[in-house]
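K.L.:
Sharing a structure, written as structure tokens. Questions coming.
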Amino acid sequence: MAQQVCIFAENKPGRLERLTKILKDAHINMRAITIATSQGFGIIKLIVNDPVKTAETLRAKGLTAYLREVIAVLMDDQPGGLQKIAEVFARKEINIEDAYGFVIKDKNQAVMIFDVEEMPEAVTLLSKAGFILLNDEELYNL
Amino acid sequence: MYWNKDIETLDRDGLEKMQLALLRKTVEQAGHSPYYQLLFQQEGIAPDTIKGLDDIRRIPFITKDTLREHYPYGFLAVPRGQIVRMHSSSGTTGRATVIFHTARDIDEWAGLVARCMYMTGVRPDDVFQNMMGYGLFTGGLGFHYGAEKLGAMVIPAGAGNSKRQIMLMQEFDATVIHIIPSYGLHLVETFRTMGIDPHKDLKLRIAFIGAEPHTEETRQRIEQAYGVKAYNSYGLSEMNGPGVAFECPCQNGLHTWEDSYILEVIDPATLEPVPDGVEGELVFTSLRREGMPLLRYRTRDLAFVYPEPCPCGRTHRRISRIKGRTDDMLIVKGVNMFPIQIEKALMAIPEVGSNFQIILDTIDDNDFMTVKAEIRAEMFTGDLKHLESVRKRIIDDLRSELLVTPRVELVEPDTLPKSEGKAVRVFDNRKQWG
Ligand SMILES: [Zn+2]
């Protein structure tokens, strides 16, 4: 399992800039960032090289950060990869709460991040289907 | 368990006899002040015209405005030289009201506060940290003198400076604190950032919370966070300050010290008395004050009297928590509401932090209400759907409490401005008509 850093943020100008400055000053490398927003507030989700340190640094600066377990799947960066995972989930009626991906250019590989409600079941299914799931360390050493 | 058993448990008949005698004395003493001298002449009131307690109704009410009109010395009933202290009311617009005390007044007042503190279990070997503002405000000095009279050790910490407050509590093993409830909730955040667990690292067992109306939910949050019993304290500078009414260990209503005050509850519209159990405006008459006796002072505070006797054995009637001051009442879309109703709904939701704001605007000639609520950092799990459901619950709960649907914004923890005194929660930006 991998950990994603979630940050609560109001939809106000300057929130993201403040966040990225803190990360830069703490020498934290970002692999991926997504933002989910709702009525006036949002959650910023980060995949970083050191999630525990990131969460601690952000909390010390007064931000509301939480470490949330997610599934990170390594796949070849070619068409059809995502489709296979979606099929596995669909067959067992696993709801995807959130999904996003990023490409590792020099290796021609991609990582998909999934947040699902039925976490242990999803992990078992994907492993059985032959997917490579990354833990924290593997993910950040890519 | 009683500071003064004879007085605290005196039967109704005895209490009323005592009140009548003290009321006559008070009318006599008040008659020395310029205001009452003239009034009593006009109304034909004198000590011997007060035959029964009901005759108090012949004396006209006074309000904050009356005190302002006769500022500063119009109600002074002793030569200025006998006055040893003045206090002033806070938080109101316009000219302040001032109350003067003789040495005996201060002593009587301290006795009432000591009685309140003793009632909740404070004893001479307790260490009492007084976290209220000292100065013109009565909360600080009122409790200070009461605690000294009781014989507890006082740490006169005053208001503010959260880190020093916590350091004092820790180093001197404070067992009892006196704190404004909104500040008490705010301080919980400071405990966390300092890595202090009040349950393990402090010796606190009792908290007095007062100076602003608050809800049962707020009390419970303070009790849980600090590991204390929290007691509601009621007072107003016009009636000395703290020590007018106070919760006993039953924590169900505040005993009003009827040997020192006459309590009336009236309908603020008709000015007629309302029966016990019915909400109305509290009206007080001081019975033991010589420097500046006040008769039938309208507090604007809304509460009701509990009709049944209290299991603790005290005979002095209990008032409910203050629902709000008539001045605090908001009218939104034609509906009357009090900020405390919003507090009550918010504090019952575990995901909501301690600070909130109510913002009123005029949009397209209509009232528009926005409630900003801080989320609680411990409850955040990075789940947007969960936050959405919290926001929806706040809207639903407020709608059923207020009958008005507000807009609700969730904001980051600890970001709404907070005050170290009474909290400012309402921002009314509406157009003023007429
Ligand atoms: Zn009682």
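Naming scheme: A, B, ... for chains in displayed order of the structure tokens; residues 1 onward per chain; ligands 1 onward as shown.
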Mind listing as a PDB file with N, CA and C atoms, in the first residue's frame which residues of chain A are within 8 Å of chain B, counting only C-alpha atoms?
P.N.:
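New file iface_16.pdb:
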```pdb
ATOM      1  N   CYS A   6      -3.339  14.043   1.981  1.00  0.00           N
ATOM      2  CA  CYS A   6      -4.531  14.833   1.667  1.00  0.00           C
ATOM      3  C   CYS A   6      -4.487  16.128   2.471  1.00  0.00           C
ATOM      4  N   ILE A   7      -4.786  17.217   1.838  1.00  0.00           N
ATOM      5  CA  ILE A   7      -4.771  18.508   2.538  1.00  0.00           C
ATOM      6  C   ILE A   7      -6.115  19.202   2.336  1.00  0.00           C
ATOM      7  N   PHE A   8      -6.715  19.609   3.441  1.00  0.00           N
ATOM      8  CA  PHE A   8      -7.967  20.368   3.354  1.00  0.00           C
ATOM      9  C   PHE A   8      -7.638  21.806   2.977  1.00  0.00           C
ATOM     10  N   ALA A   9      -8.341  22.330   2.002  1.00  0.00           N
ATOM     11  CA  ALA A   9      -8.062  23.711   1.604  1.00  0.00           C
ATOM     12  C   ALA A   9      -9.342  24.407   1.187  1.00  0.00           C
ATOM     13  N   GLU A  10      -9.461  25.653   1.640  1.00  0.00           N
ATOM     14  CA  GLU A  10     -10.575  26.457   1.155  1.00  0.00           C
ATOM     15  C   GLU A  10     -10.247  26.918  -0.255  1.00  0.00           C
ATOM     16  N   ALA A  36      -9.505  17.994  -5.659  1.00  0.00           N
ATOM     17  CA  ALA A  36     -10.946  17.742  -5.767  1.00  0.00           C
ATOM     18  C   ALA A  36     -11.656  18.860  -5.034  1.00  0.00           C
ATOM     19  N   THR A  37     -12.614  19.486  -5.690  1.00  0.00           N
ATOM     20  CA  THR A  37     -13.280  20.596  -5.007  1.00  0.00           C
ATOM     21  C   THR A  37     -14.771  20.362  -4.893  1.00  0.00           C
ATOM     22  N   SER A  38     -15.310  21.034  -3.896  1.00  0.00           N
ATOM     23  CA  SER A  38     -16.750  20.987  -3.669  1.00  0.00           C
ATOM     24  C   SER A  38     -17.198  22.415  -3.401  1.00  0.00           C
ATOM     25  N   GLN A  39     -18.274  22.589  -2.649  1.00  0.00           N
ATOM     26  CA  GLN A  39     -18.817  23.924  -2.391  1.00  0.00           C
ATOM     27  C   GLN A  39     -17.878  24.754  -1.518  1.00  0.00           C
ATOM     28  N   GLY A  40     -16.997  25.495  -2.139  1.00  0.00           N
ATOM     29  CA  GLY A  40     -16.168  26.412  -1.366  1.00  0.00           C
ATOM     30  C   GLY A  40     -14.951  25.811  -0.716  1.00  0.00           C
ATOM     31  N   PHE A  41     -14.792  24.504  -0.788  1.00  0.00           N
ATOM     32  CA  PHE A  41     -13.590  23.915  -0.211  1.00  0.00           C
ATOM     33  C   PHE A  41     -13.119  22.769  -1.090  1.00  0.00           C
ATOM     34  N   GLY A  42     -11.921  22.305  -0.823  1.00  0.00           N
ATOM     35  CA  GLY A  42     -11.403  21.230  -1.647  1.00  0.00           C
ATOM     36  C   GLY A  42     -10.383  20.403  -0.901  1.00  0.00           C
ATOM     37  N   ILE A  43      -9.970  19.308  -1.531  1.00  0.00           N
ATOM     38  CA  ILE A  43      -8.924  18.488  -0.959  1.00  0.00           C
ATOM     39  C   ILE A  43      -7.823  18.360  -2.000  1.00  0.00           C
ATOM     40  N   LEU A  63      -1.396  23.626   8.427  1.00  0.00           N
ATOM     41  CA  LEU A  63      -2.341  23.073   7.456  1.00  0.00           C
ATOM     42  C   LEU A  63      -2.940  21.779   8.004  1.00  0.00           C
ATOM     43  N   THR A  64      -4.086  21.405   7.466  1.00  0.00           N
ATOM     44  CA  THR A  64      -4.751  20.187   7.911  1.00  0.00           C
ATOM     45  C   THR A  64      -4.411  19.074   6.930  1.00  0.00           C
ATOM     46  N   ALA A  65      -3.527  18.180   7.356  1.00  0.00           N
ATOM     47  CA  ALA A  65      -3.061  17.137   6.448  1.00  0.00           C
ATOM     48  C   ALA A  65      -3.374  15.770   7.028  1.00  0.00           C
ATOM     49  N   TYR A  66      -3.642  14.825   6.129  1.00  0.00           N
ATOM     50  CA  TYR A  66      -3.969  13.471   6.567  1.00  0.00           C
ATOM     51  C   TYR A  66      -3.325  12.483   5.606  1.00  0.00           C
ATOM     52  N   LEU A  67      -2.793  11.410   6.170  1.00  0.00           N
ATOM     53  CA  LEU A  67      -2.202  10.370   5.319  1.00  0.00           C
ATOM     54  C   LEU A  67      -3.262   9.318   5.040  1.00  0.00           C
ATOM     55  N   ARG A  68      -3.520   9.095   3.759  1.00  0.00           N
ATOM     56  CA  ARG A  68      -4.579   8.172   3.405  1.00  0.00           C
ATOM     57  C   ARG A  68      -3.993   7.062   2.533  1.00  0.00           C
TER      58      ARG A  68
END
```
K.L.:
Got a sec to tell me which of segment 2-134 of chain A DSSP assigns to alpha helix (DSSP H), as an MDAnalysis selection string?
P.N.:
chainID A and resid 15:25 51:60 81:91 119:128
K.L.:
Just the residues within 7 Å of segment 359-365 of chain B, please, counting only C-alpha atoms, with nothing from its chain fewer than 5 positions along; format it as a PyMOL selection string.
P.N.:
chain B and resi 370-371+426-431
K.L.:
Restricted to all heavy atoms, what would the selected residues look like written as a tab-separated table (two decimals), in the first residue's frame?
P.N.:
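For reference, part13.tsv as written:
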```
chain	number	residue	atom	x	y	z
B	370	THR	N	-24.81	33.45	6.07
B	370	THR	CA	-23.73	32.49	5.84
B	370	THR	C	-23.15	32.09	7.18
B	370	THR	O	-22.89	32.95	8.03
B	370	THR	CB	-22.61	33.13	4.98
B	370	THR	OG1	-23.19	33.64	3.79
B	370	THR	CG2	-21.54	32.11	4.63
B	371	VAL	N	-22.96	30.81	7.39
B	371	VAL	CA	-22.30	30.33	8.60
B	371	VAL	C	-20.97	29.72	8.17
B	371	VAL	O	-20.93	28.85	7.31
B	371	VAL	CB	-23.16	29.29	9.33
B	371	VAL	CG1	-22.40	28.68	10.50
B	371	VAL	CG2	-24.46	29.93	9.81
B	426	VAL	N	-20.87	37.49	15.20
B	426	VAL	CA	-21.85	37.94	14.23
B	426	VAL	C	-21.34	39.15	13.46
B	426	VAL	O	-20.86	40.11	14.06
B	426	VAL	CB	-23.18	38.30	14.94
B	426	VAL	CG1	-24.22	38.74	13.91
B	426	VAL	CG2	-23.70	37.13	15.75
B	427	PHE	N	-21.42	39.07	12.13
B	427	PHE	CA	-21.04	40.19	11.29
B	427	PHE	C	-22.25	40.54	10.43
B	427	PHE	O	-22.61	39.79	9.52
B	427	PHE	CB	-19.83	39.80	10.42
B	427	PHE	CG	-18.63	39.46	11.26
B	427	PHE	CD1	-18.48	38.17	11.77
B	427	PHE	CD2	-17.70	40.42	11.58
B	427	PHE	CE1	-17.40	37.85	12.58
B	427	PHE	CE2	-16.61	40.11	12.38
B	427	PHE	CZ	-16.46	38.82	12.88
B	428	ASP	N	-22.89	41.62	10.80
B	428	ASP	CA	-24.12	41.98	10.11
B	428	ASP	C	-23.82	43.08	9.09
B	428	ASP	O	-23.63	44.23	9.44
B	428	ASP	CB	-25.15	42.46	11.14
B	428	ASP	CG	-26.56	42.50	10.56
B	428	ASP	OD1	-26.68	42.53	9.31
B	428	ASP	OD2	-27.52	42.50	11.34
B	429	ASN	N	-23.72	42.68	7.81
B	429	ASN	CA	-23.41	43.65	6.74
B	429	ASN	C	-24.66	44.09	6.00
B	429	ASN	O	-24.57	44.58	4.88
B	429	ASN	CB	-22.45	43.02	5.72
B	429	ASN	CG	-21.27	42.37	6.40
B	429	ASN	OD1	-20.71	42.93	7.34
B	429	ASN	ND2	-20.89	41.18	5.94
B	430	ARG	N	-25.82	43.86	6.60
B	430	ARG	CA	-27.05	44.13	5.86
B	430	ARG	C	-27.29	45.62	5.71
B	430	ARG	O	-26.90	46.41	6.56
B	430	ARG	CB	-28.25	43.48	6.55
B	430	ARG	CG	-28.24	41.98	6.38
B	430	ARG	CD	-29.38	41.36	7.10
B	430	ARG	NE	-29.26	41.50	8.55
B	430	ARG	CZ	-30.09	40.93	9.40
B	430	ARG	NH1	-31.10	40.21	8.96
B	430	ARG	NH2	-29.92	41.09	10.69
B	431	LYS	N	-27.95	45.96	4.64
B	431	LYS	CA	-28.38	47.35	4.44
B	431	LYS	C	-29.33	47.72	5.56
B	431	LYS	O	-30.20	46.94	5.93
B	431	LYS	CB	-29.14	47.49	3.12
B	431	LYS	CG	-28.25	47.64	1.92
B	431	LYS	CD	-29.13	47.85	0.68
B	431	LYS	CE	-28.50	47.23	-0.54
B	431	LYS	NZ	-29.47	46.99	-1.58
```
K.L.:
Dump the neighbourhood of ligand 1 as a PyMOL selection string: all residues within 7 Å, distances computed on only C-alpha atoms and all ligand atoms.
P.N.:
chain B and resi 247-250+255+310-314
K.L.:
Can those selected residues be exported to a file as a short mmCIF file (atom, residue, chain, number, x, y, z; two decimals), in the first residue's frame so that it contains N, CA, C and O atoms?
P.N.:
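out.cif written:
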```
data_model
loop_
_atom_site.label_atom_id
_atom_site.label_comp_id
_atom_site.auth_asym_id
_atom_site.auth_seq_id
_atom_site.Cartn_x
_atom_site.Cartn_y
_atom_site.Cartn_z
N GLU B 247 -24.17 27.37 39.06
CA GLU B 247 -24.60 25.97 39.07
C GLU B 247 -24.07 25.25 40.30
O GLU B 247 -22.93 25.44 40.72
N CYS B 248 -24.92 24.37 40.83
CA CYS B 248 -24.52 23.50 41.94
C CYS B 248 -24.03 22.18 41.33
O CYS B 248 -24.06 22.02 40.12
N PRO B 249 -23.61 21.22 42.15
CA PRO B 249 -23.12 19.95 41.59
C PRO B 249 -24.15 19.22 40.72
O PRO B 249 -23.77 18.36 39.92
N CYS B 250 -25.43 19.55 40.84
CA CYS B 250 -26.42 18.89 39.98
C CYS B 250 -26.31 19.35 38.52
O CYS B 250 -26.85 18.70 37.62
N HIS B 255 -28.49 28.35 40.72
CA HIS B 255 -29.14 28.92 41.90
C HIS B 255 -28.89 30.41 41.94
O HIS B 255 -27.74 30.85 41.90
N CYS B 310 -34.42 21.80 43.92
CA CYS B 310 -33.18 21.15 43.46
C CYS B 310 -32.79 20.05 44.43
O CYS B 310 -32.86 20.23 45.65
N PRO B 311 -32.35 18.89 43.91
CA PRO B 311 -31.94 17.78 44.79
C PRO B 311 -30.80 18.13 45.74
O PRO B 311 -30.60 17.44 46.73
N CYS B 312 -30.06 19.20 45.47
CA CYS B 312 -28.91 19.52 46.33
C CYS B 312 -29.35 20.10 47.67
O CYS B 312 -28.53 20.25 48.57
N GLY B 313 -30.62 20.45 47.80
CA GLY B 313 -31.12 20.94 49.08
C GLY B 313 -31.14 22.46 49.19
O GLY B 313 -31.67 23.00 50.16
N ARG B 314 -30.57 23.14 48.24
CA ARG B 314 -30.60 24.61 48.30
C ARG B 314 -31.99 25.09 47.87
O ARG B 314 -32.57 24.56 46.92
#
```
K.L.:
Based on DSSP run over this structure's backbone, return all residues of chain A in strand (DSSP E or B), as an MDAnalysis selection string.
P.N.:
chainID A and resid 2:10 30:37 41:48 64:76 96:104 109:116 132:134
K.L.:
Write out as a PyMOL selection string the residues lying within 12 Å of segment 15-32 of chain A, counting only C-alpha atoms and excluding same-chain residues fewer than 6 positions away.
P.N.:
(chain A and resi 4-9+41-65+72+99-105+110-113+139-142) or (chain B and resi 412)
K.L.:
Convert the current residue selection to file output with N, CA and C atoms, as a short mmCIF file (atom, residue, chain, number, x, y, z; two decimals), in the first residue's frame.
P.N.:
```cif
data_model
loop_
_atom_site.label_atom_id
_atom_site.label_comp_id
_atom_site.auth_asym_id
_atom_site.auth_seq_id
_atom_site.Cartn_x
_atom_site.Cartn_y
_atom_site.Cartn_z
N GLN A 4 -1.03 8.56 0.40
CA GLN A 4 -1.25 9.82 -0.30
C GLN A 4 -1.47 10.88 0.78
N VAL A 5 -0.91 12.06 0.58
CA VAL A 5 -1.12 13.14 1.55
C VAL A 5 -2.34 13.95 1.10
N CYS A 6 -3.34 14.04 1.98
CA CYS A 6 -4.53 14.83 1.67
C CYS A 6 -4.49 16.13 2.47
N ILE A 7 -4.79 17.22 1.84
CA ILE A 7 -4.77 18.51 2.54
C ILE A 7 -6.12 19.20 2.34
N PHE A 8 -6.71 19.61 3.44
CA PHE A 8 -7.97 20.37 3.35
C PHE A 8 -7.64 21.81 2.98
N ALA A 9 -8.34 22.33 2.00
CA ALA A 9 -8.06 23.71 1.60
C ALA A 9 -9.34 24.41 1.19
N PHE A 41 -14.79 24.50 -0.79
CA PHE A 41 -13.59 23.92 -0.21
C PHE A 41 -13.12 22.77 -1.09
N GLY A 42 -11.92 22.31 -0.82
CA GLY A 42 -11.40 21.23 -1.65
C GLY A 42 -10.38 20.40 -0.90
N ILE A 43 -9.97 19.31 -1.53
CA ILE A 43 -8.92 18.49 -0.96
C ILE A 43 -7.82 18.36 -2.00
N ILE A 44 -6.63 18.71 -1.58
CA ILE A 44 -5.47 18.59 -2.46
C ILE A 44 -4.82 17.25 -2.13
N LYS A 45 -4.53 16.45 -3.16
CA LYS A 45 -3.95 15.13 -2.92
C LYS A 45 -2.57 15.07 -3.55
N LEU A 46 -1.62 14.60 -2.79
CA LEU A 46 -0.24 14.60 -3.24
C LEU A 46 0.36 13.21 -3.15
N ILE A 47 1.13 12.87 -4.17
CA ILE A 47 2.03 11.73 -4.06
C ILE A 47 3.43 12.33 -4.03
N VAL A 48 4.16 12.04 -2.95
CA VAL A 48 5.45 12.70 -2.75
C VAL A 48 6.51 11.66 -2.37
N ASN A 49 7.77 12.10 -2.33
CA ASN A 49 8.82 11.14 -2.01
C ASN A 49 8.84 10.76 -0.52
N ASP A 50 8.31 11.60 0.35
CA ASP A 50 8.30 11.25 1.78
C ASP A 50 6.98 11.72 2.42
N PRO A 51 5.94 10.87 2.33
CA PRO A 51 4.62 11.33 2.79
C PRO A 51 4.56 11.66 4.28
N VAL A 52 5.25 10.91 5.12
CA VAL A 52 5.17 11.15 6.56
C VAL A 52 5.78 12.52 6.89
N LYS A 53 6.96 12.76 6.33
CA LYS A 53 7.61 14.06 6.57
C LYS A 53 6.75 15.20 6.00
N THR A 54 6.16 14.94 4.85
CA THR A 54 5.32 15.97 4.22
C THR A 54 4.15 16.34 5.13
N ALA A 55 3.47 15.32 5.64
CA ALA A 55 2.31 15.59 6.49
C ALA A 55 2.73 16.33 7.75
N GLU A 56 3.85 15.91 8.33
CA GLU A 56 4.32 16.57 9.56
C GLU A 56 4.69 18.03 9.29
N THR A 57 5.38 18.25 8.17
CA THR A 57 5.79 19.62 7.83
C THR A 57 4.57 20.51 7.63
N LEU A 58 3.58 19.97 6.91
CA LEU A 58 2.39 20.78 6.63
C LEU A 58 1.62 21.08 7.91
N ARG A 59 1.51 20.07 8.77
CA ARG A 59 0.79 20.29 10.04
C ARG A 59 1.49 21.34 10.88
N ALA A 60 2.83 21.27 10.89
CA ALA A 60 3.58 22.25 11.68
C ALA A 60 3.34 23.66 11.15
N LYS A 61 3.01 23.77 9.87
CA LYS A 61 2.74 25.09 9.30
C LYS A 61 1.25 25.46 9.42
N GLY A 62 0.52 24.64 10.14
CA GLY A 62 -0.88 24.99 10.40
C GLY A 62 -1.87 24.46 9.37
N LEU A 63 -1.40 23.63 8.43
CA LEU A 63 -2.34 23.07 7.46
C LEU A 63 -2.94 21.78 8.00
N THR A 64 -4.09 21.41 7.47
CA THR A 64 -4.75 20.19 7.91
C THR A 64 -4.41 19.07 6.93
N ALA A 65 -3.53 18.18 7.36
CA ALA A 65 -3.06 17.14 6.45
C ALA A 65 -3.37 15.77 7.03
N ALA A 72 -1.45 1.83 -5.47
CA ALA A 72 -0.64 2.34 -6.58
C ALA A 72 -0.30 1.15 -7.48
N ALA A 99 -9.45 8.26 -8.78
CA ALA A 99 -8.36 7.65 -9.53
C ALA A 99 -7.62 8.70 -10.32
N TYR A 100 -6.35 8.57 -10.35
CA TYR A 100 -5.55 9.45 -11.20
C TYR A 100 -4.23 8.76 -11.48
N GLY A 101 -3.52 9.23 -12.50
CA GLY A 101 -2.28 8.55 -12.86
C GLY A 101 -1.20 9.52 -13.26
N PHE A 102 0.01 9.00 -13.30
CA PHE A 102 1.10 9.81 -13.81
C PHE A 102 2.09 8.90 -14.53
N VAL A 103 2.83 9.52 -15.44
CA VAL A 103 3.72 8.77 -16.32
C VAL A 103 5.15 8.95 -15.85
N ILE A 104 5.92 7.84 -15.87
CA ILE A 104 7.35 7.97 -15.58
C ILE A 104 8.05 7.90 -16.93
N LYS A 105 8.46 9.06 -17.39
CA LYS A 105 8.87 9.22 -18.79
C LYS A 105 10.01 8.29 -19.19
N ALA A 110 3.76 3.80 -16.30
CA ALA A 110 2.80 4.72 -15.69
C ALA A 110 2.37 4.15 -14.34
N VAL A 111 1.92 5.02 -13.45
CA VAL A 111 1.39 4.58 -12.16
C VAL A 111 -0.04 5.10 -12.05
N MET A 112 -0.95 4.19 -11.70
CA MET A 112 -2.33 4.62 -11.44
C MET A 112 -2.56 4.57 -9.94
N ILE A 113 -3.18 5.63 -9.43
CA ILE A 113 -3.50 5.67 -8.00
C ILE A 113 -5.01 5.49 -7.86
N LEU A 139 7.19 3.07 -4.69
CA LEU A 139 6.58 4.17 -5.42
C LEU A 139 7.50 5.38 -5.47
N TYR A 140 8.12 5.69 -4.35
CA TYR A 140 8.89 6.92 -4.30
C TYR A 140 10.28 6.74 -4.87
N ASN A 141 10.70 5.48 -5.07
CA ASN A 141 12.02 5.25 -5.66
C ASN A 141 11.97 5.07 -7.17
N LEU A 142 10.83 5.23 -7.72
CA LEU A 142 10.70 5.04 -9.17
C LEU A 142 11.62 5.99 -9.92
N GLU B 412 -10.73 26.08 7.14
CA GLU B 412 -9.62 25.36 7.75
C GLU B 412 -9.60 25.59 9.26
#
```
K.L.:
Residues of segment 28-128 of chain B that have any atom at most 12 Å from an atom of segment 204-225 of chain B: could you tabulate them with the shortest-distance atom pair and the distance in Å to one decimal, using only C-alpha atoms, ordered by chain and increasing number, as JSON lines?
P.N.:
```
{"residue": "B:Ser89", "atom": "CA", "partner": "B:Ala211", "partner_atom": "CA", "distance": 11.3}
{"residue": "B:Ser90", "atom": "CA", "partner": "B:Ala211", "partner_atom": "CA", "distance": 10.2}
{"residue": "B:Gly91", "atom": "CA", "partner": "B:Glu212", "partner_atom": "CA", "distance": 10.8}
{"residue": "B:Val113", "atom": "CA", "partner": "B:Phe208", "partner_atom": "CA", "distance": 11.3}
{"residue": "B:Cys116", "atom": "CA", "partner": "B:Phe208", "partner_atom": "CA", "distance": 10.0}
{"residue": "B:Met117", "atom": "CA", "partner": "B:Phe208", "partner_atom": "CA", "distance": 8.6}
{"residue": "B:Tyr118", "atom": "CA", "partner": "B:Ile206", "partner_atom": "CA", "distance": 11.3}
{"residue": "B:Met119", "atom": "CA", "partner": "B:Ile206", "partner_atom": "CA", "distance": 11.6}
{"residue": "B:Thr120", "atom": "CA", "partner": "B:Ile206", "partner_atom": "CA", "distance": 8.0}
{"residue": "B:Gly121", "atom": "CA", "partner": "B:Ile206", "partner_atom": "CA", "distance": 8.2}
{"residue": "B:Val122", "atom": "CA", "partner": "B:Ile206", "partner_atom": "CA", "distance": 8.0}
{"residue": "B:Arg123", "atom": "CA", "partner": "B:Ile206", "partner_atom": "CA", "distance": 11.3}
{"residue": "B:Asp126", "atom": "CA", "partner": "B:Arg205", "partner_atom": "CA", "distance": 9.8}
{"residue": "B:Val127", "atom": "CA", "partner": "B:Leu204", "partner_atom": "CA", "distance": 9.1}
{"residue": "B:Phe128", "atom": "CA", "partner": "B:Ile206", "partner_atom": "CA", "distance": 9.3}
```
K.L.:
Which is closer to Ser389 of chain B than all the others in B:Lys149, B:Glu351, B:Arg325, B:Gly74, using only C-alpha atoms?
P.N.:
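Selected residue with least distance to Ser389 of chain B: B:Glu351.
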K.L.:
Find the residues around Gly44 of chain B up to 12 Å (only C-alpha atoms counted), leave out those fewer than 6 positions away in its own chain, and share them as an NGL selection string.
P.N.:
:B and (27 or 31 or 36-38 or 50 or 58-60)
K.L.:
Just how far from atom CA of Val116 of chain A is atom CA of Glu87 of chain A, in Å to one decimal?
P.N.:
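Computing it gives 14.4 Å between the two atoms.
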